[in-house]
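Below is one structure, written out as structure tokens, with a few remarks after it.
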Number of protein chains: 2
Amino acid sequence: MKILVQKYGGTSLASPQRIQAVAKRVVDAFSKERMPMVVVVSAMGDTTDDLIQLSSQISSTPNLREYDALIATGEMVSAALLSMAIHALGVSAVSLTGTQAGIKTENIHSKAKIVHIDISRLRKELDQGNVVVVTGFQGFNDVQDVVTIGRGGSDTSAVALAAALGAPVCEIYTDVEGIYTTDPRLVKDASKLRDITYDEMLELAALGAKVLHPRSVECAKENGIIIHVRSSFSPNEGTFVKETSTMEAKRPITGATLSEEEAIVSISQIPDTPGVASIIFSHLAQILVNVDMIVQSASENGTTTISFTIHQDELPHAEAGIREVAGLLNAGEVRIDRDVAKVSIVGVGMISKPGIAAKMFDIFASHGVNIKVISTSEIKISCAISRRDGRKILQDIHAQFGLDNLQ
Amino acid sequence: MKILVQKYGGTSLASPQRIQAVAKRVVDAFSKERMPMVVVVSAMGDTTDDLIQLSSQISSTPNLREYDALIATGEMVSAALLSMAIHALGVSAVSLTGTQAGIKTENIHSKAKIVHIDISRLRKELDQGNVVVVTGFQGFNDVQDVVTIGRGGSDTSAVALAAALGAPVCEIYTDVEGIYTTDPRLVKDASKLRDITYDEMLELAALGAKVLHPRSVECAKENGIIIHVRSSFSPNEGTFVKETSTMEAKRPITGATLSEEEAIVSISQIPDTPGVASIIFSHLAQILVNVDMIVQSASENGTTTISFTIHQDELPHAEAGIREVAGLLNAGEVRIDRDVAKVSIVGVGMISKPGIAAKMFDIFASHGVNIKVISTSEIKISCAISRRDGRKILQDIHAQFGLDNLQ
């Protein structure tokens, strides 16, 4: 028997009125599709932030078991209210917490991975004709304590439930119409994609597209679940995230992104002996600094320069560690360039179409923009440039690669 | 091994700052008493009302399973925060939901009774040296769903836990210093009682003293648990609720109360045949009207008059039902007197001291106040009078019976 799995985000559930609208949508789908339904919910609006705020007023380093017990209540509230609202429309529904839904996680508080879903209770409720509303973002560990699975984890909960229940598609409802070729606030001609591959979606998510949590995309890819990202405020189809995009042959790239809050750190005159890169980046990983693009220059007089980009938010925390490791290596100066934006293009099409990188670099050149650092993967090219040039380059790339009239 | 059980109400936990103050108090007791501690919590401040408000925006007749799942989150939040705050003071603590704490209830949503507590998890956490913070007001049913036990139920949770764990005393922390001889807002000389019997406490609670939930007092009486009602904002001892008051010999009465929102309903010319009272009050019970004092006059010409008091809040709901049953019985007029206050005195001392009722009636007479209805139990006398006389009578009774300098 096919099962329909839907997930609604916090914006879609931000008020009793919106919860009623979601209930209406669920009941309509239930009547129309005539198949068992599981609905996964995030917490209402800013509830999770409010709970975190409460926690931070008690302690800046809260006990993580209690932190999880606290913030998991947000989804319990929205799940109970949505189930109530579905009942009020005459359809029987039952809300289940992560524990009741059998979502077993690792025993790592606040960022566990889901290890297994025991679907017996879910199956029983579905068999009784109930719409089952499940709290996203949480499960339980060996000792039956509530464990959360990291922010944005509700997407992952939904995809994992779809996989456990054998649902082919997981519908993720959000406040935008789908996945766009770029941020519509930066480029007014941004087009909604009809489909996108898992890998492209992962690159876009890593570059800051916040619509889907990367873990949910990985989980969908592993289990062959199609994610349908769509708006809870509109009846339109959204974007299908799936293995093979039907459009990939036609389009060289799928999306373009801009991050305006980057910095480039350069450590010069590092003695060019084996293992120096490892020392630097192990050290930064230990102090939990996320490094992005890494470039090592060719050796000169037995020394080398290593540069990398990090998000500006990380700088205050990272700087001391960077200077420490530079000292450790007897390196020269540490320079930090804060005038940095990162422009990226993503697309599986670039694998089979040579010249994409060249075309991109050409666009920088035509604007007289100097590229500070380049990094590439099979399906992504990122360039760090001066911040003031970011938007105009993004817009021109979007137009030159034909992203503004994708169909 | 002795165990210390404390319960903190919503006012004591209304903000992160107050939760930290409670944590300090718990940690102080834990260090000083050197015994295992269980702390039962209500929801923070108005949280439960806020959740009920959310529910009522979804449905005026919410599904009760979901209603329970919703409102039980209030205690989960306060329990996690208090446990966090105890941790922050360097003492290890663990919060448990009603389900985790093994509090098994009947399968009646929103007003279940506790049927059993499986203390194995509690015991394990206590043995590991944890202060255990338990959510009040909730348990779980046969199918592991969350069930709440009625408003004010956190007191009952605490007493039931004390009984299950073999604790001799349950400390109930609230926003007043203890149980008073009367409402201190009405009589400025009201004295704090050092002790009070279960039965007296039950009568006072039935008369509107809101400090303790009557069910918790019944549960304490059944299990021989001493309840120590005290303020979370002061170090003073409060009032001990226990079987034998050491003071009972000395004091004729323990407390006096005034309710200013009563009404007297009189149904006249009821054919005086067996069973009429039963018909009237079964009918009112069916439509959930709480009747208090009942008086039936002596029969005259084959008819009788039945009068009873009800709270004015119940009138709008009750009136049609009352007129209906009067019609059913071919009775005469239904009169409703809204100018009613009820003054009551309570005390086990009155059993052994004749003349208490006479002394009370004498006070009414000396003020020229007409008594409309009288009802008595072994340890209580209530009189309905005109509302305008209520406060002065209460004050005079309080003084005449020596309640203002009890020690």
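Ligands are numbered from 1 in the order shown, chains are lettered A, B, ... in the order of the structure tokens, and residues start at 1 in each chain.
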Cut-off 7 Å: closest chain A/chain B atom pairs per residue, using only C-alpha atoms, as CSV:
residue,atom,partner,partner_atom,distance
A:Pro16,CA,B:Ile58,CA,6.0
A:Gln20,CA,B:Ile58,CA,7.0
A:Leu54,CA,B:Pro16,CA,6.8
A:Ser55,CA,B:Leu81,CA,6.6
A:Gln57,CA,B:Pro16,CA,6.2
A:Ile58,CA,B:Ala85,CA,5.8
A:Ser59,CA,B:Ala88,CA,6.4
A:Pro62,CA,B:Met84,CA,6.0
A:Asn63,CA,B:Met84,CA,5.7
A:Glu66,CA,B:Ala80,CA,4.9
A:Tyr67,CA,B:Ala80,CA,7.0
A:Ala69,CA,B:Ala80,CA,6.0
A:Leu70,CA,B:Val77,CA,5.2
A:Thr73,CA,B:Thr73,CA,5.8
A:Met76,CA,B:Leu70,CA,6.8
A:Val77,CA,B:Leu70,CA,5.2
A:Ala80,CA,B:Glu66,CA,4.9
A:Leu81,CA,B:Ser55,CA,6.6
A:Ser83,CA,B:Glu66,CA,6.8
A:Met84,CA,B:Asn63,CA,5.8
A:Ala85,CA,B:Ile58,CA,5.8
A:His87,CA,B:Asn63,CA,6.8
A:Ala88,CA,B:Ser59,CA,6.4
A:Ser95,CA,B:Glu66,CA,6.9
Quick one: DSSP strand (DSSP E or B) residues in stretch 106-286 of chain B, as a PyMOL selection string?
chain B and resi 114-117+131-135+138-140+146-148+169-174+180+192+195-197+226-231+239-242+255-271
I need the residues of stretch 95-124 of chain A that end up classed as helix (DSSP H, G or I) by DSSP on the backbone, written out as a PyMOL selection string.
chain A and resi 120-124
Restricting the output to all heavy atoms, write the selected residues as a CSV table (one decimal), in the first residue's frame.
chain,number,residue,atom,x,y,z
A,120,SER,N,6.0,-0.2,14.1
A,120,SER,CA,4.8,-1.0,14.5
A,120,SER,C,3.7,-0.1,14.9
A,120,SER,O,2.5,-0.2,14.5
A,120,SER,CB,5.2,-2.0,15.5
A,120,SER,OG,6.0,-1.4,16.6
A,121,ARG,N,4.0,0.9,15.8
A,121,ARG,CA,2.9,1.8,16.3
A,121,ARG,C,2.4,2.6,15.1
A,121,ARG,O,1.1,2.8,15.0
A,121,ARG,CB,3.5,2.7,17.4
A,121,ARG,CG,2.5,3.8,17.8
A,121,ARG,CD,1.6,3.4,19.0
A,121,ARG,NE,0.5,4.3,19.3
A,121,ARG,CZ,0.4,5.1,20.3
A,121,ARG,NH1,1.4,5.1,21.2
A,121,ARG,NH2,-0.7,5.8,20.5
A,122,LEU,N,3.2,3.2,14.3
A,122,LEU,CA,2.8,3.9,13.1
A,122,LEU,C,1.9,3.1,12.2
A,122,LEU,O,0.8,3.6,11.8
A,122,LEU,CB,4.0,4.3,12.3
A,122,LEU,CG,4.8,5.5,12.6
A,122,LEU,CD1,6.2,5.5,12.0
A,122,LEU,CD2,4.1,6.8,12.1
A,123,ARG,N,2.3,1.9,12.0
A,123,ARG,CA,1.5,1.0,11.1
A,123,ARG,C,0.1,0.7,11.8
A,123,ARG,O,-0.9,0.8,11.1
A,123,ARG,CB,2.3,-0.3,10.9
A,123,ARG,CG,1.6,-1.3,10.1
A,123,ARG,CD,1.4,-0.9,8.7
A,123,ARG,NE,2.6,-0.8,7.9
A,123,ARG,CZ,2.7,-0.3,6.7
A,123,ARG,NH1,1.6,0.1,6.1
A,123,ARG,NH2,3.8,-0.3,6.0
A,124,LYS,N,0.1,0.5,13.1
A,124,LYS,CA,-1.1,0.2,13.8
A,124,LYS,C,-2.1,1.4,13.6
A,124,LYS,O,-3.3,1.3,13.3
A,124,LYS,CB,-0.8,0.0,15.2
A,124,LYS,CG,-2.0,-0.7,16.0
A,124,LYS,CD,-1.7,-0.8,17.5
A,124,LYS,CE,-2.7,-0.1,18.3
A,124,LYS,NZ,-2.1,0.6,19.4
Once you count only C-alpha atoms, what closest atom pair and distance in Å to one decimal does each residue of stretch 290-392 of chain A within 9 Å of stretch 262-265 of chain A have, with rows by chain and rising residue number, as CSV?
residue,atom,partner,partner_atom,distance
A:Met293,CA,A:Ile264,CA,8.9
A:Ile306,CA,A:Val265,CA,8.3
A:Ser307,CA,A:Val265,CA,5.5
A:Phe308,CA,A:Val265,CA,5.5
A:Thr309,CA,A:Ile264,CA,4.4
A:Ile310,CA,A:Ala263,CA,5.5
A:His311,CA,A:Glu262,CA,4.5
A:Gln312,CA,A:Glu262,CA,5.1
A:Asp313,CA,A:Glu262,CA,8.5
A:Leu315,CA,A:Ala263,CA,8.0
A:Ile322,CA,A:Val265,CA,8.7
A:Val334,CA,A:Val265,CA,7.0
A:Arg335,CA,A:Val265,CA,5.7
A:Ile336,CA,A:Val265,CA,4.6
A:Asp337,CA,A:Ile264,CA,5.0
A:Arg338,CA,A:Ala263,CA,4.6
A:Asp339,CA,A:Ala263,CA,6.7
A:Val340,CA,A:Glu262,CA,5.3
A:Ala341,CA,A:Glu262,CA,5.7
A:Lys342,CA,A:Glu262,CA,6.8
A:Lys372,CA,A:Ile264,CA,8.7
A:Val373,CA,A:Ile264,CA,8.5
A:Ala384,CA,A:Glu262,CA,8.3
A:Arg387,CA,A:Glu262,CA,8.7
Which residues are near A:Leu161? Cut-off 10 Å, only C-alpha atoms, ignore same chain within fewer than 2 positions. Put them as a PyMOL selection string.
chain A and resi 5-6+38-40+101-103+116-119+122+134+136+155-159+163-167+170
Leaving out B:Asp142 and any residue of its chain fewer than 6 positions from it, which residues lie within 9 Å of it when counting only C-alpha atoms, given as a ChimeraX atom specification?
/B:104-107
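Around B:Val91, within 9 Å and counting only C-alpha atoms, the residues found are Val27, Phe30, Gly129, Asn130 and Val131 of chain B, once anything fewer than 6 positions away on its own chain is removed.
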How would the residues just chosen look if you wrote them out with all heavy atoms as a JSON list (two decimals), in the first residue's frame?
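As written to disk, out-v3.json reads:
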[["chain", "number", "residue", "atom", "x", "y", "z"],
["B", 27, "VAL", "N", 19.28, 22.62, 45.72],
["B", 27, "VAL", "CA", 20.69, 22.25, 45.93],
["B", 27, "VAL", "C", 21.06, 22.43, 47.41],
["B", 27, "VAL", "O", 21.76, 21.59, 48.00],
["B", 27, "VAL", "CB", 21.60, 23.07, 45.00],
["B", 27, "VAL", "CG1", 23.06, 22.95, 45.41],
["B", 27, "VAL", "CG2", 21.42, 22.60, 43.55],
["B", 30, "PHE", "N", 19.57, 19.58, 49.26],
["B", 30, "PHE", "CA", 20.27, 18.34, 48.89],
["B", 30, "PHE", "C", 21.59, 18.24, 49.65],
["B", 30, "PHE", "O", 21.96, 17.17, 50.15],
["B", 30, "PHE", "CB", 20.52, 18.36, 47.37],
["B", 30, "PHE", "CG", 21.02, 17.06, 46.81],
["B", 30, "PHE", "CD1", 20.24, 15.90, 46.86],
["B", 30, "PHE", "CD2", 22.28, 16.98, 46.21],
["B", 30, "PHE", "CE1", 20.69, 14.71, 46.33],
["B", 30, "PHE", "CE2", 22.74, 15.78, 45.68],
["B", 30, "PHE", "CZ", 21.95, 14.64, 45.73],
["B", 129, "GLY", "N", 22.78, 9.09, 42.24],
["B", 129, "GLY", "CA", 23.09, 10.38, 42.86],
["B", 129, "GLY", "C", 22.44, 11.58, 42.19],
["B", 129, "GLY", "O", 22.77, 12.73, 42.49],
["B", 130, "ASN", "N", 21.52, 11.33, 41.27],
["B", 130, "ASN", "CA", 20.84, 12.44, 40.61],
["B", 130, "ASN", "C", 19.68, 12.98, 41.44],
["B", 130, "ASN", "O", 18.93, 12.20, 42.03],
["B", 130, "ASN", "CB", 20.25, 11.98, 39.27],
["B", 130, "ASN", "CG", 21.31, 11.68, 38.24],
["B", 130, "ASN", "OD1", 22.21, 12.48, 38.03],
["B", 130, "ASN", "ND2", 21.23, 10.50, 37.62],
["B", 131, "VAL", "N", 19.55, 14.30, 41.46],
["B", 131, "VAL", "CA", 18.28, 14.89, 41.86],
["B", 131, "VAL", "C", 17.32, 14.62, 40.71],
["B", 131, "VAL", "O", 17.65, 14.88, 39.55],
["B", 131, "VAL", "CB", 18.40, 16.41, 42.09],
["B", 131, "VAL", "CG1", 17.03, 17.04, 42.28],
["B", 131, "VAL", "CG2", 19.30, 16.70, 43.28]]
With a cut-off of 8 Å, could you pull out the residues of stretch 319-399 of chain A touching stretch 187-205 of chain A and give me the nearest pair of atoms for each, distance in Å to one decimal, using only C-alpha atoms, ordered by chain and ascending number, as a tab-separated table?
residue	atom	partner	partner_atom	distance
A:Val346	CA	A:Glu200	CA	6.2
A:Gly347	CA	A:Glu200	CA	5.8
A:Val348	CA	A:Glu200	CA	6.6
A:Ile379	CA	A:Glu200	CA	7.1
A:Lys380	CA	A:Glu203	CA	7.2
A:Leu394	CA	A:Val187	CA	7.7
A:Gln395	CA	A:Val187	CA	5.8
A:His398	CA	A:Ala190	CA	7.7
Distance in Å - atom CA of A:Gly321 versus atom CA of A:Ser297:
21.6 Å
Using only C-alpha atoms, the residue out of B:Ala326, B:Ile172, B:Val217, B:Ala318 with shortest distance to B:Ala277 is B:Ala326
